[in-house]
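One file, coords.txt, is given below (compact mmCIF, C-alpha atoms).
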```txt
# COMPACT_ATOMS: atom_id res chain seq x y z
CA MET A 1 0.00 0.00 0.00
CA LYS A 2 1.27 3.45 -0.90
CA PRO A 3 1.95 5.63 2.17
CA ALA A 4 -0.45 8.54 2.57
CA GLU A 5 0.99 11.78 1.24
CA GLY A 6 0.23 13.56 4.48
CA ASN A 7 2.97 11.51 6.11
CA ALA A 8 5.72 13.16 4.10
CA THR A 9 6.67 15.41 7.01
CA ASN A 10 6.10 12.76 9.67
CA HIS A 11 9.70 12.12 10.79
CA CYS A 12 10.10 9.13 13.01
CA ILE A 13 11.64 9.76 16.42
CA CYS A 14 14.69 7.57 17.04
CA PRO A 15 13.77 5.10 19.83
CA ARG A 16 17.20 5.54 21.44
CA TYR A 17 16.69 9.31 21.60
CA LYS A 18 13.25 8.72 23.09
CA TYR A 19 14.71 6.40 25.72
CA ALA A 20 17.46 8.89 26.57
CA VAL A 21 15.06 11.83 26.84
CA GLN A 22 12.75 9.88 29.13
CA LEU A 23 15.65 8.73 31.29
CA LEU A 24 17.44 12.08 31.54
CA GLY A 25 14.23 14.06 31.83
CA LYS A 26 13.12 12.40 35.05
CA ARG A 27 12.74 14.80 37.94
CA TRP A 28 16.09 15.45 39.70
CA THR A 29 18.18 13.38 37.29
CA GLY A 30 19.64 16.36 35.40
CA LEU A 31 20.53 18.06 38.67
CA ILE A 32 22.11 14.95 40.20
CA LEU A 33 24.21 14.40 37.07
CA ALA A 34 25.37 18.03 36.99
CA THR A 35 26.47 17.64 40.62
CA LEU A 36 28.40 14.43 39.95
CA LEU A 37 30.18 15.96 36.94
CA HIS A 38 32.18 18.04 39.43
CA GLY A 39 33.55 14.82 40.94
CA PRO A 40 32.53 11.87 43.14
CA LYS A 41 30.15 12.69 45.96
CA ARG A 42 28.81 11.10 49.10
CA PHE A 43 25.07 10.64 49.38
CA GLY A 44 24.67 13.54 51.80
CA GLU A 45 26.75 15.85 49.61
CA ILE A 46 24.33 15.31 46.74
CA THR A 47 21.21 16.08 48.78
CA MET A 48 23.01 19.15 50.10
CA ALA A 49 23.84 20.35 46.57
CA VAL A 50 20.36 19.73 45.14
CA GLU A 51 17.86 21.85 47.02
CA GLY A 52 14.58 20.07 47.73
CA LEU A 53 15.86 16.57 46.91
CA SER A 54 14.85 14.12 49.65
CA ASP A 55 16.93 11.12 50.75
CA ARG A 56 14.23 8.80 49.53
CA MET A 57 14.05 10.36 46.06
CA LEU A 58 17.83 10.44 45.72
CA SER A 59 17.97 6.81 46.75
CA ASP A 60 15.45 5.90 44.01
CA ARG A 61 17.28 7.92 41.37
CA MET A 62 20.68 6.50 42.29
CA ARG A 63 19.36 2.97 42.07
CA GLU A 64 18.01 3.76 38.63
CA LEU A 65 21.21 5.47 37.46
CA GLU A 66 23.28 2.56 38.79
CA GLY A 67 20.98 0.15 36.96
CA GLU A 68 21.53 2.14 33.76
CA GLY A 69 25.31 2.01 34.24
CA ILE A 70 25.55 5.81 34.50
CA VAL A 71 26.56 5.97 38.17
CA GLU A 72 28.73 3.63 40.20
CA ARG A 73 28.62 3.22 43.98
CA VAL A 74 32.12 2.79 45.38
CA VAL A 75 32.70 1.55 48.93
CA TYR A 76 36.05 2.45 50.53
CA PRO A 77 37.04 0.19 53.44
CA ASP A 78 37.86 3.08 55.76
CA ILE A 79 36.68 3.26 59.35
CA PRO A 80 33.89 4.25 59.24
CA VAL A 81 33.19 2.88 55.77
CA ARG A 82 33.07 5.63 53.13
CA VAL A 83 30.64 5.36 50.21
CA GLU A 84 30.92 7.58 47.16
CA TYR A 85 29.00 7.87 43.93
CA HIS A 86 31.00 8.29 40.70
CA LEU A 87 29.95 8.78 37.12
CA THR A 88 30.94 5.88 34.88
CA ASP A 89 32.24 6.51 31.34
CA LYS A 90 28.64 6.39 30.17
CA GLY A 91 27.81 9.05 32.77
CA HIS A 92 30.83 11.24 31.96
CA ASN A 93 29.82 11.12 28.32
CA LEU A 94 26.74 13.12 29.28
CA GLU A 95 28.92 16.18 29.79
CA PRO A 96 28.18 17.59 26.29
CA VAL A 97 24.44 17.29 26.99
CA ILE A 98 24.72 19.09 30.33
CA GLU A 99 27.07 21.68 28.85
CA ALA A 100 24.67 22.34 25.95
CA ILE A 101 21.77 22.89 28.39
CA HIS A 102 24.00 25.23 30.43
CA GLN A 103 24.88 27.28 27.35
CA TRP A 104 21.27 27.52 26.23
CA ALA A 105 20.11 28.46 29.74
CA LYS A 106 22.81 31.12 30.02
CA GLN A 107 21.65 32.68 26.77
CA TRP A 108 17.90 32.37 27.10
CA ILE A 109 16.76 31.96 30.70
CA PRO A 110 16.50 35.14 32.77
CA SER A 111 18.55 34.90 35.93
CA ASP A 112 15.52 35.41 38.19
CA SER A 113 13.42 32.55 36.72
CA GLN A 114 11.46 30.28 39.02
CA ILE A 115 9.77 27.06 37.98
CA CYS A 116 7.32 25.04 40.03
CA MET B 1 30.99 33.30 59.20
CA LYS B 2 33.54 30.95 57.69
CA PRO B 3 31.91 28.25 55.49
CA ALA B 4 32.08 24.75 56.90
CA GLU B 5 34.94 22.75 55.41
CA GLY B 6 32.58 19.95 54.48
CA ASN B 7 31.07 22.29 51.90
CA ALA B 8 34.27 22.42 49.87
CA THR B 9 32.84 19.98 47.32
CA ASN B 10 29.30 21.34 47.48
CA HIS B 11 29.05 23.09 44.10
CA CYS B 12 26.00 25.24 43.71
CA ILE B 13 23.71 24.39 40.81
CA CYS B 14 23.13 27.34 38.49
CA PRO B 15 19.44 28.37 38.84
CA ARG B 16 19.16 28.92 35.08
CA TYR B 17 20.40 25.37 34.41
CA LYS B 18 17.91 24.08 36.99
CA TYR B 19 15.08 25.98 35.30
CA ALA B 20 16.10 24.69 31.86
CA VAL B 21 16.38 21.07 33.04
CA GLN B 22 12.96 21.22 34.67
CA LEU B 23 11.42 22.80 31.59
CA LEU B 24 13.04 20.52 29.00
CA GLY B 25 12.70 17.42 31.15
CA LYS B 26 8.90 17.54 31.27
CA ARG B 27 7.24 14.51 29.78
CA TRP B 28 6.90 14.79 25.97
CA THR B 29 8.75 18.10 25.68
CA GLY B 30 12.01 16.61 24.36
CA LEU B 31 10.07 14.59 21.80
CA ILE B 32 7.92 17.53 20.66
CA LEU B 33 11.01 19.70 20.23
CA ALA B 34 12.85 17.03 18.24
CA THR B 35 9.83 16.80 15.93
CA LEU B 36 9.66 20.57 15.40
CA LEU B 37 13.38 20.78 14.63
CA HIS B 38 12.60 19.07 11.32
CA GLY B 39 10.38 22.02 10.40
CA PRO B 40 6.99 23.59 11.23
CA LYS B 41 4.20 21.14 11.94
CA ARG B 42 0.46 21.14 12.29
CA PHE B 43 -1.00 19.95 15.57
CA GLY B 44 -2.05 16.58 14.15
CA GLU B 45 1.35 16.00 12.57
CA ILE B 46 2.97 16.31 15.99
CA THR B 47 0.65 13.83 17.68
CA MET B 48 1.21 11.49 14.73
CA ALA B 49 5.00 11.74 15.09
CA VAL B 50 5.07 11.28 18.87
CA GLU B 51 3.59 7.90 19.73
CA GLY B 52 1.36 7.94 22.80
CA LEU B 53 1.00 11.73 22.97
CA SER B 54 -2.65 12.70 23.42
CA ASP B 55 -4.25 15.85 21.98
CA ARG B 56 -4.86 17.14 25.47
CA MET B 57 -1.26 16.67 26.60
CA LEU B 58 0.12 18.21 23.41
CA SER B 59 -2.20 21.14 23.88
CA ASP B 60 -0.87 21.67 27.44
CA ARG B 61 2.74 21.38 26.34
CA MET B 62 2.31 23.72 23.40
CA ARG B 63 0.72 26.34 25.61
CA GLU B 64 3.67 26.06 27.96
CA LEU B 65 6.25 26.18 25.15
CA GLU B 66 4.49 29.19 23.61
CA GLY B 67 4.49 30.88 27.03
CA GLU B 68 8.23 30.23 27.27
CA GLY B 69 8.81 31.74 23.83
CA ILE B 70 10.16 28.46 22.46
CA VAL B 71 7.31 27.70 20.06
CA GLU B 72 5.19 30.06 17.98
CA ARG B 73 1.69 29.34 16.69
CA VAL B 74 1.27 30.72 13.19
CA VAL B 75 -2.17 31.06 11.61
CA TYR B 76 -2.29 31.19 7.79
CA PRO B 77 -5.47 32.78 6.39
CA ASP B 78 -6.12 29.96 3.93
CA ILE B 79 -9.51 28.36 3.46
CA PRO B 80 -9.77 26.38 5.66
CA VAL B 81 -7.46 28.23 8.04
CA ARG B 82 -4.09 26.52 8.46
CA VAL B 83 -2.32 26.58 11.83
CA GLU B 84 1.31 25.57 12.20
CA TYR B 85 3.72 25.44 15.09
CA HIS B 86 7.24 26.77 14.54
CA LEU B 87 10.28 26.92 16.75
CA THR B 88 11.35 30.47 17.58
CA ASP B 89 15.05 31.41 17.71
CA LYS B 90 15.03 30.37 21.36
CA GLY B 91 13.62 27.01 20.29
CA HIS B 92 16.02 26.54 17.38
CA ASN B 93 18.87 27.24 19.76
CA LEU B 94 17.99 23.98 21.52
CA GLU B 95 19.38 22.06 18.56
CA PRO B 96 22.81 21.49 20.22
CA VAL B 97 21.03 20.04 23.29
CA ILE B 98 18.93 17.68 21.21
CA GLU B 99 21.90 16.77 19.04
CA ALA B 100 24.04 16.02 22.12
CA ILE B 101 21.34 13.71 23.51
CA HIS B 102 21.11 12.00 20.10
CA GLN B 103 24.86 11.42 20.00
CA TRP B 104 24.95 10.06 23.54
CA ALA B 105 21.95 7.80 22.89
CA LYS B 106 23.52 6.47 19.68
CA GLN B 107 26.66 5.55 21.57
CA TRP B 108 25.21 4.22 24.81
CA ILE B 109 21.59 3.14 24.46
CA PRO B 110 20.99 -0.30 22.98
CA SER B 111 18.69 -0.16 19.98
CA ASP B 112 16.10 -2.45 21.59
CA SER B 113 15.66 -0.39 24.79
CA GLN B 114 12.20 0.18 26.21
CA ILE B 115 11.37 2.60 29.00
CA CYS B 116 8.10 2.77 30.87
```
Mind turning this structure into structure tokens?
Amino acid sequence: MKPAEGNATNHCICPRYKYAVQLLGKRWTGLILATLLHGPKRFGEITMAVEGLSDRMLSDRMRELEGEGIVERVVYPDIPVRVEYHLTDKGHNLEPVIEAIHQWAKQWIPSDSQIC
Amino acid sequence: MKPAEGNATNHCICPRYKYAVQLLGKRWTGLILATLLHGPKRFGEITMAVEGLSDRMLSDRMRELEGEGIVERVVYPDIPVRVEYHLTDKGHNLEPVIEAIHQWAKQWIPSDSQIC
């Protein structure tokens, strides 16, 4: 069957892009990743850096990001035990995404913007 | 007062970045923008391109994106009237963000990934 002409401008969205957008767009994820780009962090350092992020929500997000291979939980056998969260290579490779959002925001978002 | 030493690694998140992440991370927004980057679209062409996106949700998102100055609704006085949605300059400037997500997804997301 011949495709309908009206579909000529109907570009298909790449399923990988769709997956990435849904993953990275989840509430808090972009902020957690921006925080970890500065270097490994302890759990409490992340909640401190991301205003409004609860322990429970961070815990959920970290489990998800670990499951996706974006974040790695590293346990150091100090006394007391020290646990830090690192970006993996897959996570570090998100730097151009985060940088591009930063650049756009710097150009287009007024400095006094508030979002609910 | 001297800042606590423990804050040495506590980088502040830029409020503009936070605003941009929250805006762009909303469900469907990244997919709608990717669709409009290919060129102006009618309402029905967008819902056709973005699987699962309802008329109601697209309507909400478009209102928000128009309010943010990212999308413009253009009415052509044809018979019947033709309405198309365009990206503004602010919207077109999101191309590096969308392109960076595409590149990352191409490298790191398996082609058979499904997200709920």
For a cutoff of 9 Å around the file-coordinate point (21.8, 16.8, 37.3), which residues qualify once you count all atoms listed in the file? I'd like the result as a PDB file with C-alpha atoms, in the coordinates of the input.
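Just written: out09.pdb:
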```pdb
ATOM      1  CA  LEU A  24      17.440  12.080  31.540  1.00  0.00           C
ATOM      2  CA  TRP A  28      16.090  15.450  39.700  1.00  0.00           C
ATOM      3  CA  THR A  29      18.180  13.380  37.290  1.00  0.00           C
ATOM      4  CA  GLY A  30      19.640  16.360  35.400  1.00  0.00           C
ATOM      5  CA  LEU A  31      20.530  18.060  38.670  1.00  0.00           C
ATOM      6  CA  ILE A  32      22.110  14.950  40.200  1.00  0.00           C
ATOM      7  CA  LEU A  33      24.210  14.400  37.070  1.00  0.00           C
ATOM      8  CA  ALA A  34      25.370  18.030  36.990  1.00  0.00           C
ATOM      9  CA  THR A  35      26.470  17.640  40.620  1.00  0.00           C
ATOM     10  CA  LEU A  36      28.400  14.430  39.950  1.00  0.00           C
ATOM     11  CA  LEU A  37      30.180  15.960  36.940  1.00  0.00           C
ATOM     12  CA  VAL A  50      20.360  19.730  45.140  1.00  0.00           C
ATOM     13  CA  ILE A  98      24.720  19.090  30.330  1.00  0.00           C
TER      14      ILE A  98
ATOM     15  CA  ILE B  13      23.710  24.390  40.810  1.00  0.00           C
ATOM     16  CA  LYS B  18      17.910  24.080  36.990  1.00  0.00           C
ATOM     17  CA  VAL B  21      16.380  21.070  33.040  1.00  0.00           C
TER      18      VAL B  21
END
```
Selected residue, from A:Leu87, A:Leu65, A:Ile70, A:Met57, that lies nearest to chain B when counting all atoms listed in the file: A:Ile70
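Across A:Gly25, A:Gly39, A:Pro15, A:Gly44, the tightest approach to Val83 in chain A is made by A:Gly44 when counting all atoms listed in the file.
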Mind dumping a table of every range 34-112 of chain A residue within 9 Å of range 99-104 of chain B, with the nearest atom pair and its distance in Å to one decimal, using all atoms listed in the file, sorted by chain and rising number, as JSON lines?
```
{"residue": "A:Lys90", "atom": "CA", "partner": "B:Trp104", "partner_atom": "CA", "distance": 8.4}
{"residue": "A:Asn93", "atom": "CA", "partner": "B:Trp104", "partner_atom": "CA", "distance": 6.9}
{"residue": "A:Leu94", "atom": "CA", "partner": "B:Trp104", "partner_atom": "CA", "distance": 6.7}
{"residue": "A:Pro96", "atom": "CA", "partner": "B:Ala100", "partner_atom": "CA", "distance": 6.1}
{"residue": "A:Val97", "atom": "CA", "partner": "B:Ala100", "partner_atom": "CA", "distance": 5.0}
{"residue": "A:Ile98", "atom": "CA", "partner": "B:Ala100", "partner_atom": "CA", "distance": 8.8}
{"residue": "A:Ala100", "atom": "CA", "partner": "B:Ala100", "partner_atom": "CA", "distance": 7.4}
```
May I have the selected residues written with C-alpha atoms, as a PDB file, in the coordinates of the input?
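What follows is the written file selection_32.pdb:
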```pdb
ATOM      1  CA  LYS A  90      28.640   6.390  30.170  1.00  0.00           C
ATOM      2  CA  ASN A  93      29.820  11.120  28.320  1.00  0.00           C
ATOM      3  CA  LEU A  94      26.740  13.120  29.280  1.00  0.00           C
ATOM      4  CA  PRO A  96      28.180  17.590  26.290  1.00  0.00           C
ATOM      5  CA  VAL A  97      24.440  17.290  26.990  1.00  0.00           C
ATOM      6  CA  ILE A  98      24.720  19.090  30.330  1.00  0.00           C
ATOM      7  CA  ALA A 100      24.670  22.340  25.950  1.00  0.00           C
TER       8      ALA A 100
END
```
Can you tell me which residues surround Ile109 in chain B at a distance of at most 9 Å, considering only C-alpha atoms, apart from same-chain residues fewer than 5 positions away, and format the answer as a tab-separated table (two decimals) with C-alpha atoms, in the coordinates of the input?
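This went into around.tsv:
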```tsv
chain	number	residue	atom	x	y	z
A	16	ARG	CA	17.20	5.54	21.44
A	17	TYR	CA	16.69	9.31	21.60
A	19	TYR	CA	14.71	6.40	25.72
A	20	ALA	CA	17.46	8.89	26.57
B	104	TRP	CA	24.95	10.06	23.54
```
Spatial neighbours of Phe43 in chain A, max dist 9 Å, all atoms listed in the file, sep filter under 6 positions, as a VMD selection string: chain A and resid 55 58 to 59 83 to 85
Which residue of A:Arg27, A:Arg82, A:Arg56, A:Arg61 approaches Pro40 in chain A most closely, using all atoms listed in the file: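 Among the listed residues, the smallest separation from Pro40 in chain A belongs to A:Arg82.
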Atomic distance CA of Glu95 in chain B - CA of Ala49 in chain A, expressed in Å with one decimal: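 A separation of 28.4 Å between them.
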Where is the centre and how long are the edges: axis-aligned box on range 86-94 of chain B, 6 Å on each side, Å to one decimal, as AutoDock Vina command-line options:
```
--center_x 13.1 --center_y 27.7 --center_z 18.0 --size_x 23.6 --size_y 19.4 --size_z 19.0
```
Counting all atoms listed in the file, the option among B:Leu53, B:Val75, B:Ala105, B:Val81 closest to chain A: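 Counting all atoms listed in the file, the residue closest to chain A is B:Ala105.
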